[in-house]
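Source file: query36.cif; contents: mmCIF, C-alpha atoms and all ligand atoms.
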```
data_entry
#
loop_
_atom_site.group_PDB
_atom_site.id
_atom_site.type_symbol
_atom_site.label_atom_id
_atom_site.label_comp_id
_atom_site.auth_asym_id
_atom_site.auth_seq_id
_atom_site.Cartn_x
_atom_site.Cartn_y
_atom_site.Cartn_z
ATOM 1 C CA MET V 1 29.030 -0.513 -4.387
ATOM 2 C CA LYS V 2 26.040 1.835 -4.817
ATOM 3 C CA THR V 3 26.706 5.554 -4.550
ATOM 4 C CA THR V 4 24.397 8.409 -3.620
ATOM 5 C CA GLN V 5 24.647 9.501 -7.285
ATOM 6 C CA ASP V 6 23.336 6.072 -8.399
ATOM 7 C CA ILE V 7 20.382 6.513 -6.037
ATOM 8 C CA THR V 8 19.612 10.041 -7.260
ATOM 9 C CA ALA V 9 19.789 8.844 -10.887
ATOM 10 C CA GLN V 10 17.184 6.151 -10.182
ATOM 11 C CA LYS V 11 14.545 8.880 -9.787
ATOM 12 C CA VAL V 12 14.761 9.500 -13.537
ATOM 13 C CA LYS V 13 16.064 6.212 -14.905
ATOM 14 C CA GLY V 14 14.432 3.800 -12.453
ATOM 15 C CA PRO V 15 14.028 1.225 -11.132
ATOM 16 C CA ARG V 16 12.191 2.276 -7.966
ATOM 17 C CA ILE V 17 14.534 2.483 -4.982
ATOM 18 C CA THR V 18 14.351 -0.322 -2.417
ATOM 19 C CA VAL V 19 15.319 0.432 1.176
ATOM 20 C CA LEU V 20 15.174 -1.749 4.300
ATOM 21 C CA THR V 21 16.552 -1.418 7.796
ATOM 22 C CA ALA V 22 19.148 -3.774 9.247
ATOM 23 C CA TYR V 23 20.978 -3.706 12.538
ATOM 24 C CA ASP V 24 23.314 -6.705 12.405
ATOM 25 C CA TYR V 25 25.598 -8.801 10.201
ATOM 26 C CA PRO V 26 23.330 -11.745 9.277
ATOM 27 C CA MET V 27 20.326 -9.605 8.320
ATOM 28 C CA ALA V 28 22.454 -7.130 6.360
ATOM 29 C CA SER V 29 23.989 -10.086 4.447
ATOM 30 C CA PHE V 30 20.514 -11.273 3.381
ATOM 31 C CA LEU V 31 19.399 -7.784 2.314
ATOM 32 C CA ASP V 32 22.583 -7.170 0.349
ATOM 33 C CA GLU V 33 22.379 -10.571 -1.374
ATOM 34 C CA ALA V 34 18.750 -9.806 -2.325
ATOM 35 C CA GLY V 35 19.929 -6.625 -4.085
ATOM 36 C CA ILE V 36 18.321 -4.007 -1.815
ATOM 37 C CA ASP V 37 19.618 -0.567 -2.878
ATOM 38 C CA ILE V 38 19.941 1.095 0.537
ATOM 39 C CA ILE V 39 20.402 -0.493 3.957
ATOM 40 C CA LEU V 40 19.403 1.922 6.695
ATOM 41 C CA VAL V 41 20.809 1.326 10.162
ATOM 42 C CA GLY V 42 17.692 2.929 11.620
ATOM 43 C CA ASP V 43 17.228 4.320 15.087
ATOM 44 C CA SER V 44 14.196 1.989 15.113
ATOM 45 C CA LEU V 45 16.954 -0.191 16.621
ATOM 46 C CA ALA V 46 15.636 1.261 19.898
ATOM 47 C CA ASN V 47 12.182 -0.307 19.439
ATOM 48 C CA VAL V 48 12.632 -3.526 17.465
ATOM 49 C CA VAL V 49 16.016 -4.697 18.781
ATOM 50 C CA LEU V 50 16.569 -3.084 22.185
ATOM 51 C CA GLY V 51 12.953 -3.144 23.410
ATOM 52 C CA LEU V 52 12.904 0.564 24.270
ATOM 53 C CA LYS V 53 9.770 2.708 23.960
ATOM 54 C CA SER V 54 11.162 5.669 22.014
ATOM 55 C CA THR V 55 13.851 6.118 19.378
ATOM 56 C CA THR V 56 15.124 9.050 21.441
ATOM 57 C CA GLU V 57 16.436 6.526 23.980
ATOM 58 C CA VAL V 58 19.126 5.226 21.647
ATOM 59 C CA GLY V 59 22.487 7.017 21.362
ATOM 60 C CA MET V 60 25.592 7.234 19.180
ATOM 61 C CA LYS V 61 27.351 4.408 21.031
ATOM 62 C CA GLU V 62 24.631 1.859 20.229
ATOM 63 C CA MET V 63 24.074 3.149 16.679
ATOM 64 C CA LEU V 64 27.772 2.898 15.796
ATOM 65 C CA HIS V 65 28.045 -0.578 17.315
ATOM 66 C CA HIS V 66 25.252 -1.804 15.000
ATOM 67 C CA ALA V 67 26.385 0.250 11.976
ATOM 68 C CA ARG V 68 29.787 -1.466 12.110
ATOM 69 C CA ALA V 69 28.156 -4.903 12.130
ATOM 70 C CA VAL V 70 26.027 -3.992 9.079
ATOM 71 C CA VAL V 71 28.976 -2.512 7.171
ATOM 72 C CA ARG V 72 30.963 -5.750 7.673
ATOM 73 C CA ALA V 73 28.264 -7.633 5.743
ATOM 74 C CA VAL V 74 27.530 -5.259 2.862
ATOM 75 C CA LYS V 75 29.218 -5.530 -0.541
ATOM 76 C CA ASN V 76 26.793 -3.660 -2.840
ATOM 77 C CA ALA V 77 24.162 -1.602 -1.043
ATOM 78 C CA LEU V 78 24.528 1.994 0.103
ATOM 79 C CA VAL V 79 24.655 2.022 3.913
ATOM 80 C CA VAL V 80 22.962 4.957 5.655
ATOM 81 C CA GLY V 81 23.465 5.614 9.364
ATOM 82 C CA ASP V 82 20.475 7.104 11.153
ATOM 83 C CA MET V 83 21.598 9.971 13.379
ATOM 84 C CA PRO V 84 20.093 9.446 16.845
ATOM 85 C CA PHE V 85 18.316 12.303 18.626
ATOM 86 C CA GLU V 86 21.296 13.120 20.872
ATOM 87 C CA ALA V 87 23.655 13.346 17.880
ATOM 88 C CA TYR V 88 22.179 16.518 16.336
ATOM 89 C CA GLN V 89 18.924 17.682 17.939
ATOM 90 C CA VAL V 90 20.196 17.930 21.518
ATOM 91 C CA ASN V 91 23.419 19.624 20.369
ATOM 92 C CA PRO V 92 23.336 20.740 16.699
ATOM 93 C CA GLY V 93 26.950 21.896 17.019
ATOM 94 C CA ALA V 94 28.047 18.270 17.483
ATOM 95 C CA ALA V 95 26.264 17.024 14.339
ATOM 96 C CA VAL V 96 29.273 17.040 12.001
ATOM 97 C CA ASP V 97 31.535 15.207 14.462
ATOM 98 C CA ASN V 98 28.855 12.601 15.098
ATOM 99 C CA ALA V 99 28.038 12.144 11.397
ATOM 100 C CA ARG V 100 31.765 11.702 10.697
ATOM 101 C CA GLN V 101 31.794 8.779 13.108
ATOM 102 C CA PHE V 102 29.192 6.999 10.943
ATOM 103 C CA ILE V 103 31.330 7.640 7.840
ATOM 104 C CA GLU V 104 34.442 6.383 9.662
ATOM 105 C CA ALA V 105 32.423 3.285 10.619
ATOM 106 C CA GLY V 106 31.881 2.634 6.887
ATOM 107 C CA ALA V 107 28.434 4.157 6.205
ATOM 108 C CA GLN V 108 28.241 6.322 3.061
ATOM 109 C CA ALA V 109 25.576 8.750 4.298
ATOM 110 C CA VAL V 110 23.535 9.788 7.333
ATOM 111 C CA LYS V 111 19.809 10.377 7.778
ATOM 112 C CA ILE V 112 18.410 13.226 9.854
ATOM 113 C CA GLU V 113 14.823 14.063 10.774
ATOM 114 C CA TRP V 114 13.305 17.491 10.237
ATOM 115 C CA PHE V 115 13.326 19.729 13.344
ATOM 116 C CA GLU V 116 13.532 23.422 14.112
ATOM 117 C CA ASP V 117 17.287 23.841 13.596
ATOM 118 C CA CYS V 118 17.442 21.369 10.714
ATOM 119 C CA PRO V 119 18.590 23.785 7.948
ATOM 120 C CA LYS V 120 21.677 24.761 9.953
ATOM 121 C CA VAL V 121 22.579 21.122 10.562
ATOM 122 C CA VAL V 122 22.018 20.016 6.932
ATOM 123 C CA SER V 123 24.176 22.909 5.664
ATOM 124 C CA SER V 124 27.026 22.051 8.001
ATOM 125 C CA LEU V 125 26.897 18.348 7.076
ATOM 126 C CA VAL V 126 26.830 19.039 3.332
ATOM 127 C CA ARG V 127 29.655 21.583 3.704
ATOM 128 C CA ALA V 128 31.672 18.892 5.494
ATOM 129 C CA GLY V 129 31.112 16.565 2.500
ATOM 130 C CA ILE V 130 28.765 14.192 4.331
ATOM 131 C CA PRO V 131 25.855 12.958 2.179
ATOM 132 C CA VAL V 132 22.473 13.555 3.836
ATOM 133 C CA MET V 133 19.149 11.748 3.554
ATOM 134 C CA GLY V 134 16.317 13.904 4.938
ATOM 135 C CA HIS V 135 13.224 12.676 6.798
ATOM 136 C CA VAL V 136 9.921 14.614 6.912
ATOM 137 C CA GLY V 137 6.258 14.016 7.806
ATOM 138 C CA LEU V 138 6.008 11.874 10.899
ATOM 139 C CA THR V 139 9.401 12.328 12.526
ATOM 140 C CA PRO V 140 9.431 9.872 15.460
ATOM 141 C CA GLN V 141 12.185 11.678 17.407
ATOM 142 C CA THR V 142 9.872 14.705 17.829
ATOM 143 C CA ALA V 143 6.535 12.846 17.560
ATOM 144 C CA GLU V 144 5.264 14.301 20.844
ATOM 145 C CA SER V 145 5.271 17.823 19.390
ATOM 146 C CA LEU V 146 3.367 16.459 16.345
ATOM 147 C CA GLY V 147 0.532 15.067 18.481
ATOM 148 C CA GLY V 148 1.946 11.535 18.712
ATOM 149 C CA MET V 149 2.706 8.732 16.241
ATOM 150 C CA LYS V 150 -0.030 9.601 13.760
ATOM 151 C CA VAL V 151 -0.498 10.536 10.106
ATOM 152 C CA GLN V 152 0.814 14.039 9.320
ATOM 153 C CA GLY V 153 -0.141 16.439 6.521
ATOM 154 C CA ARG V 154 -3.877 15.808 6.490
ATOM 155 C CA ASP V 155 -4.726 19.528 6.529
ATOM 156 C CA ALA V 156 -3.471 22.114 4.048
ATOM 157 C CA ALA V 157 -1.199 23.957 6.495
ATOM 158 C CA SER V 158 0.535 20.797 7.673
ATOM 159 C CA ALA V 159 0.874 19.452 4.087
ATOM 160 C CA LYS V 160 2.447 22.779 3.057
ATOM 161 C CA ALA V 161 4.910 22.664 5.967
ATOM 162 C CA ILE V 162 5.989 19.121 4.997
ATOM 163 C CA MET V 163 6.423 20.179 1.348
ATOM 164 C CA GLU V 164 8.547 23.167 2.461
ATOM 165 C CA ALA V 165 10.714 21.006 4.715
ATOM 166 C CA ALA V 166 11.317 18.518 1.869
ATOM 167 C CA LYS V 167 12.260 21.387 -0.456
ATOM 168 C CA ILE V 168 14.692 22.815 2.102
ATOM 169 C CA PHE V 169 16.409 19.424 2.340
ATOM 170 C CA GLU V 170 16.750 19.437 -1.464
ATOM 171 C CA GLU V 171 17.952 23.064 -1.673
ATOM 172 C CA LEU V 172 20.587 22.451 0.995
ATOM 173 C CA GLY V 173 22.002 19.441 -0.848
ATOM 174 C CA ALA V 174 20.364 16.294 0.564
ATOM 175 C CA PHE V 175 20.487 13.395 -1.935
ATOM 176 C CA SER V 176 17.072 11.945 -1.007
ATOM 177 C CA VAL V 177 14.251 12.401 1.485
ATOM 178 C CA VAL V 178 12.126 9.947 3.476
ATOM 179 C CA LEU V 179 8.388 10.762 3.605
ATOM 180 C CA GLU V 180 6.846 9.052 6.632
ATOM 181 C CA CYS V 181 3.145 8.579 7.315
ATOM 182 C CA ILE V 182 1.556 11.218 5.082
ATOM 183 C CA PRO V 183 -1.422 11.015 2.695
ATOM 184 C CA LEU V 184 -0.473 9.571 -0.683
ATOM 185 C CA GLU V 185 -1.747 12.721 -2.428
ATOM 186 C CA VAL V 186 0.748 14.859 -0.473
ATOM 187 C CA ALA V 187 3.571 12.384 -1.166
ATOM 188 C CA ARG V 188 2.700 12.351 -4.889
ATOM 189 C CA GLU V 189 2.913 16.165 -5.042
ATOM 190 C CA ILE V 190 6.225 16.290 -3.145
ATOM 191 C CA THR V 191 7.651 13.564 -5.407
ATOM 192 C CA ALA V 192 6.574 15.530 -8.485
ATOM 193 C CA GLN V 193 8.094 18.800 -7.245
ATOM 194 C CA LEU V 194 11.478 17.488 -6.032
ATOM 195 C CA LYS V 195 14.457 16.567 -8.190
ATOM 196 C CA ILE V 196 15.881 14.289 -5.474
ATOM 197 C CA PRO V 197 14.190 10.910 -4.873
ATOM 198 C CA THR V 198 11.511 10.469 -2.223
ATOM 199 C CA ILE V 199 11.494 7.266 -0.168
ATOM 200 C CA GLY V 200 8.084 6.506 1.305
ATOM 201 C CA ILE V 201 7.030 4.695 4.452
ATOM 202 C CA GLY V 202 3.287 4.962 4.916
ATOM 203 C CA ALA V 203 3.259 7.531 2.104
ATOM 204 C CA GLY V 204 1.598 5.552 -0.689
ATOM 205 C CA PRO V 205 2.765 4.228 -4.048
ATOM 206 C CA HIS V 206 3.855 7.417 -5.843
ATOM 207 C CA CYS V 207 7.226 7.846 -4.108
ATOM 208 C CA ASP V 208 10.470 7.077 -5.959
ATOM 209 C CA GLY V 209 11.267 4.306 -3.487
ATOM 210 C CA GLN V 210 9.986 2.536 -0.376
ATOM 211 C CA VAL V 211 11.430 1.706 3.021
ATOM 212 C CA LEU V 212 10.220 -0.715 5.708
ATOM 213 C CA VAL V 213 11.553 -1.854 9.055
ATOM 214 C CA ILE V 214 12.854 -5.400 8.443
ATOM 215 C CA HIS V 215 11.360 -6.738 11.703
ATOM 216 C CA ASP V 216 7.875 -5.655 10.514
ATOM 217 C CA LEU V 217 8.374 -7.241 7.069
ATOM 218 C CA LEU V 218 9.469 -10.571 8.583
ATOM 219 C CA GLY V 219 6.992 -10.740 11.479
ATOM 220 C CA LEU V 220 9.730 -10.507 14.100
ATOM 221 C CA PHE V 221 8.210 -7.716 16.176
ATOM 222 C CA SER V 222 4.808 -8.176 17.730
ATOM 223 C CA ARG V 223 4.480 -5.219 20.131
ATOM 224 C CA TYR V 224 2.664 -3.272 17.395
ATOM 225 C CA GLN V 225 2.206 -3.467 13.616
ATOM 226 C CA PRO V 226 1.817 -0.147 11.785
ATOM 227 C CA LYS V 227 -1.019 -0.097 9.198
ATOM 228 C CA PHE V 228 1.470 0.795 6.442
ATOM 229 C CA SER V 229 3.860 -2.115 6.974
ATOM 230 C CA LYS V 230 3.271 -5.409 5.176
ATOM 231 C CA LYS V 231 4.282 -8.777 6.659
ATOM 232 C CA TYR V 232 5.982 -10.755 3.861
ATOM 233 C CA ALA V 233 6.794 -13.578 6.281
ATOM 234 C CA ASP V 234 5.679 -14.520 9.772
ATOM 235 C CA LEU V 235 8.877 -15.809 11.336
ATOM 236 C CA GLY V 236 7.860 -15.256 14.965
ATOM 237 C CA PRO V 237 5.757 -18.460 15.233
ATOM 238 C CA GLN V 238 8.447 -20.460 13.360
ATOM 239 C CA ILE V 239 11.110 -19.324 15.845
ATOM 240 C CA LEU V 240 8.841 -20.210 18.764
ATOM 241 C CA GLU V 241 8.171 -23.685 17.320
ATOM 242 C CA ALA V 242 11.897 -24.366 16.688
ATOM 243 C CA VAL V 243 12.827 -23.327 20.235
ATOM 244 C CA LYS V 244 10.043 -25.509 21.719
ATOM 245 C CA GLN V 245 11.257 -28.518 19.678
ATOM 246 C CA TYR V 246 14.815 -27.961 20.919
ATOM 247 C CA LYS V 247 13.569 -27.776 24.507
ATOM 248 C CA ASP V 248 11.575 -31.023 24.125
ATOM 249 C CA ASP V 249 14.535 -32.776 22.469
ATOM 250 C CA VAL V 250 16.916 -31.787 25.272
ATOM 251 C CA ILE V 251 14.467 -32.846 27.990
ATOM 252 C CA SER V 252 13.684 -36.166 26.282
ATOM 253 C CA GLY V 253 17.345 -36.905 25.397
ATOM 254 C CA ARG V 254 16.763 -36.807 21.591
ATOM 255 C CA PHE V 255 19.369 -34.021 21.286
ATOM 256 C CA PRO V 256 22.297 -34.316 20.902
ATOM 257 C CA ASP V 257 22.139 -37.600 18.972
ATOM 258 C CA ASP V 258 25.101 -39.447 17.501
ATOM 259 C CA ALA V 259 25.157 -37.237 14.370
ATOM 260 C CA HIS V 260 25.775 -34.173 16.541
ATOM 261 C CA SER V 261 28.340 -35.787 18.879
ATOM 262 C CA PHE V 262 32.055 -36.627 18.673
ATOM 263 C CA HIS V 263 33.768 -39.990 19.217
ATOM 264 C CA GLN V 264 37.256 -40.612 20.606
HETATM 265 O O1 LIG V 301 14.687 4.210 12.026
HETATM 266 C C1 LIG V 301 14.003 3.831 11.073
HETATM 267 O O2 LIG V 301 13.701 2.649 10.910
HETATM 268 C C2 LIG V 301 13.548 4.840 10.128
HETATM 269 C C3 LIG V 301 12.668 4.388 9.016
HETATM 270 C C4 LIG V 301 11.304 4.163 9.522
HETATM 271 C C5 LIG V 301 12.682 5.334 7.871
HETATM 272 O O3 LIG V 301 13.856 5.988 10.284
#
```
For this file, write the structure as structure tokens.
Amino acid sequence: MKTTQDITAQKVKGPRITVLTAYDYPMASFLDEAGIDIILVGDSLANVVLGLKSTTEVGMKEMLHHARAVVRAVKNALVVGDMPFEAYQVNPGAAVDNARQFIEAGAQAVKIEWFEDCPKVVSSLVRAGIPVMGHVGLTPQTAESLGGMKVQGRDAASAKAIMEAAKIFEELGAFSVVLECIPLEVAREITAQLKIPTIGIGAGPHCDGQVLVIHDLLGLFSRYQPKFSKKYADLGPQILEAVKQYKDDVISGRFPDDAHSFHQ
């Protein structure tokens, strides 16, 4: 089983860190078998699984339900539970209790997005012995205050603020930090200045690792496709075709045939 120390060591020793999201048992089994280092039970669950508009609409109850399913499948990867908005931004005082529920569910760490009271929350989590993955740049839970779901850090002041936030995560004891949707030059500089690994999503090739949402990688989510995500398979049309064939077979009487039936 991977540890947070193994992940931190990969910054120096390599190889680059591979991270993908999963929300259920079958997908987590595939990712673990493929040797992905970190499986993130992301709050993107809200968008790609539950059909909600914003990640802020998902809560602890749903996140824990899916985290438990992922944990049941994983033998090697490090499982990170993504703290939903309500778990620490609405009430920072409840952050430790909520993070503990992810650990009790079998995750080894939690991820939290940068926000105003973030330093207080990171300190309390680290003091409680809960490993933390930070998240800076485009932080979807507070995207409205950042001008929407768009690239961050394009001007010097915003790039500096992202660098400072990443450094605070490191100083307070986070074991890694996600850099989302920032220019590759900014990500390269943050990666060079931090001792903990950076995990990029829309942050270019110079990060210590990369993360993608599995539904984007497999072509399972068509509502939108971010510029930074790459489709390695297009399973949507294959699913549609299989379901249409099943429908035709049932209507025409071709299914079930003798091979899929029982005899007395
Ligand atoms: O919830 C999620 O999928 C994430 C990744 C985009 C890093 O936070």
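All residues of protein, DNA or RNA that reach within 10 Å of Val49 of chain V, judged by all atoms listed in the file and not counting those fewer than 4 positions away in the chain, are Tyr23, Asp24, Asp43, Ser44, Leu45, His215, Leu220 and Phe221 of chain V.
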Need the neighbours of (14.6, 7.0, 25.6): which residues are at most 12 Å away, counting only C-alpha atoms, as a VMD selection string? chain V and resid 43 to 47 50 to 59 84 to 86 140 to 142
Near Glu164 of chain V, within 12 Å and counting all atoms listed in the file, which residues show up once chain neighbours fewer than 2 positions away are dropped, as a ChimeraX atom specification? /V:114,119,136-137,153,157-162,166-171,186,189-190,193-194
Using all atoms listed in the file, what does the table of chain V residues within 9 Å of ligand LIG 301 (chain V) look like, with each row giving the shortest atom pair and its distance in Å to one decimal, sorted by chain and ascending number, as a Markdown table?
```
| residue | atom | partner | partner_atom | distance |
| --- | --- | --- | --- | --- |
| V:Val19 | CA | V:LIG301 | C5 | 8.7 |
| V:Leu20 | CA | V:LIG301 | O2 | 8.1 |
| V:Thr21 | CA | V:LIG301 | O2 | 5.9 |
| V:Ala22 | CA | V:LIG301 | O2 | 8.6 |
| V:Leu40 | CA | V:LIG301 | O2 | 7.1 |
| V:Val41 | CA | V:LIG301 | O1 | 7.0 |
| V:Gly42 | CA | V:LIG301 | O1 | 3.3 |
| V:Asp43 | CA | V:LIG301 | O1 | 4.0 |
| V:Ser44 | CA | V:LIG301 | O1 | 3.8 |
| V:Leu45 | CA | V:LIG301 | O1 | 6.8 |
| V:Ala46 | CA | V:LIG301 | O1 | 8.5 |
| V:Thr55 | CA | V:LIG301 | O1 | 7.6 |
| V:Asp82 | CA | V:LIG301 | O1 | 6.5 |
| V:Pro84 | CA | V:LIG301 | O1 | 8.9 |
| V:Lys111 | CA | V:LIG301 | O3 | 7.8 |
| V:Ile112 | CA | V:LIG301 | O3 | 8.6 |
| V:Glu113 | CA | V:LIG301 | O3 | 8.1 |
| V:His135 | CA | V:LIG301 | C5 | 7.4 |
| V:Thr139 | CA | V:LIG301 | O3 | 8.1 |
| V:Pro140 | CA | V:LIG301 | O3 | 7.8 |
| V:Val178 | CA | V:LIG301 | C5 | 6.4 |
| V:Leu179 | CA | V:LIG301 | C5 | 8.1 |
| V:Glu180 | CA | V:LIG301 | C5 | 7.0 |
| V:Ile199 | CA | V:LIG301 | C5 | 8.4 |
| V:Gly200 | CA | V:LIG301 | C5 | 8.1 |
| V:Ile201 | CA | V:LIG301 | C5 | 6.6 |
| V:Val211 | CA | V:LIG301 | C5 | 6.2 |
| V:Leu212 | CA | V:LIG301 | C4 | 6.3 |
| V:Val213 | CA | V:LIG301 | O2 | 5.3 |
| V:Ile214 | CA | V:LIG301 | O2 | 8.5 |
```
Running the PyMOL selection byres (((chain V and resi 101) around 12) and not hetatm) on this model by hand, what would come out? Give it as a compact mmCIF listing (two decimals) with C-alpha atoms, in the frame of the given file.
```txt
# COMPACT_ATOMS: atom_id res chain seq x y z
CA MET V 60 25.59 7.23 19.18
CA LYS V 61 27.35 4.41 21.03
CA MET V 63 24.07 3.15 16.68
CA LEU V 64 27.77 2.90 15.80
CA HIS V 65 28.04 -0.58 17.32
CA ALA V 67 26.38 0.25 11.98
CA ARG V 68 29.79 -1.47 12.11
CA GLY V 81 23.46 5.61 9.36
CA ASP V 82 20.48 7.10 11.15
CA MET V 83 21.60 9.97 13.38
CA ALA V 87 23.66 13.35 17.88
CA ALA V 94 28.05 18.27 17.48
CA ALA V 95 26.26 17.02 14.34
CA VAL V 96 29.27 17.04 12.00
CA ASP V 97 31.54 15.21 14.46
CA ASN V 98 28.86 12.60 15.10
CA ALA V 99 28.04 12.14 11.40
CA ARG V 100 31.76 11.70 10.70
CA PHE V 102 29.19 7.00 10.94
CA ILE V 103 31.33 7.64 7.84
CA GLU V 104 34.44 6.38 9.66
CA ALA V 105 32.42 3.28 10.62
CA GLY V 106 31.88 2.63 6.89
CA ALA V 107 28.43 4.16 6.20
CA GLN V 108 28.24 6.32 3.06
CA ALA V 109 25.58 8.75 4.30
CA VAL V 110 23.54 9.79 7.33
CA ILE V 130 28.76 14.19 4.33
```
Smallest atom-to-atom distance to Ile36 of chain V: which of V:Tyr232, V:Lys195, V:Arg188, V:Gln210, using only C-alpha atoms?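 When distances to Ile36 of chain V are compared using only C-alpha atoms, the smallest one comes from V:Gln210.
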